[in-house]
Amino acid sequence: MTILRQPTRAGVRDAAAKVAAVVPPTPLFVVEIHGVSVAFKAECLQPIGAFKLRGAWHRLTAIEPAQRGKGVVAFSSGNHAQGVAWAARRLEMPATIVMPADAPKAKREGTLALGAEVVSYDRATESREKIAARLAEARGAVLVPSFDDPWVIEGQGSAGIEAAAQMAVRGLGTPSRVLVPCGGGGLAAGLTLALPEATITVVEPEGWDDMRRSLEAGWIEPVGESPPPTACDALQTLRVSMLTFDVLSRRGATGVAVSEAEIRTAQRWAAEKLRLVVEPGGAVGLAAILAGKVPVEPGLFW
């Protein structure tokens, strides 16, 4: 895909204003861990259950009105799919989503309920990118990747603008360290632009920690052959993009990996302490904190 521009902090601020006009801020929970106040941004309480509607809304509203009638095509295992479907329905645009046949049933049904067409593919033998590109070309639709797009990155970063404002109101200062779940890196790159003073740490499931390895190596390292099974369906990206990698590497971001057992522990903790039902991919940042894989600092944002 040809990127016509780079994501910017100004773009993130524009996205934050656009998102604020259509959905209320998600709650910010603050709890003490080892005597330190830690802030948790509850994006699981978005209308689709994930932050992905932010990037989708920013991207689709940037499409010229004359082009909108031809619709959009996206590929996703579920959260980006629902985000695009949600935005497309509000804008009265056709949406087609390429989803793996083994995508979670709830996410597939949620995407269909939002009015999108779903095209299934075999994750092991077919390329979702190629299928989506062919569909978009045949229909004259706009292709909306889940992370390899400057508008999508900026839209995801709006969560950081929102969280910083909420922390300031509560007298917590600015986020000093950001722990962020990472699949392709769209949210992580967006938060990096939104919060330029924060230390960024991406968190991935063990065996799927290609962004961590890429940042350590200085070049993109794909996921290895036969990666282990993971409950984090939202974080199963085989290769990150140069766009997200470049934003994160220029800021000196680092990464950590967490085990499936640590993720389950984090999900239980979120349910007990925050009364939140968090999907596995959304619990990896908390898992890193509870497992002691990152230092607990004032203003930590997950």
# chains A, B, ... in the order shown; residues from 1 in each chain; ligands from 1
$ select_by_dssp --residues "range 86-257 of chain A" --states "strand (DSSP E)" --output "PyMOL selection string"
chain A and resi 95-100+117-121+142-144+177-181+199-205+254-257
$ select_by_dssp --residues "range 147-234 of chain A" --states "alpha helix (DSSP H)" --output "number ranges by chain"
A: 150-169, 186-194, 210-217
$ closest_residue --among "A:Ala287, A:Leu187, A:Ala261, A:Val119" --to "Thr230 in chain A" --atoms "only C-alpha atoms"
A:Ala261
$ atom_distance --atom1 "CA of Ser77 in chain A" --atom2 "CA of Glu92 in chain A"
22.7 Å
$ closest_residue --among "A:Ala39, A:Gly140, A:Arg134, A:Gln236" --to "Ala103 in chain A" --atoms "only C-alpha atoms"
A:Gln236
$ residues_around --residues "Arg170 in chain A" --least-positions-apart "5" --cutoff "12 Å" --atoms "only C-alpha atoms" --output "MDAnalysis selection string"
chainID A and resid 28:30 37 39 163:165 299
$ residues_around --residues "range 244-253 of chain A" --least-positions-apart "4" --cutoff "7 Å" --atoms "only C-alpha atoms" --output "ChimeraX atom specification"
/A:148,185-186,189,192,199-201,215,240
$ residues_around --residues "range 270-272 of chain A" --least-positions-apart "6" --cutoff "9 Å" --atoms "only C-alpha atoms" --output "PyMOL selection string"
chain A and resi 278+283+286
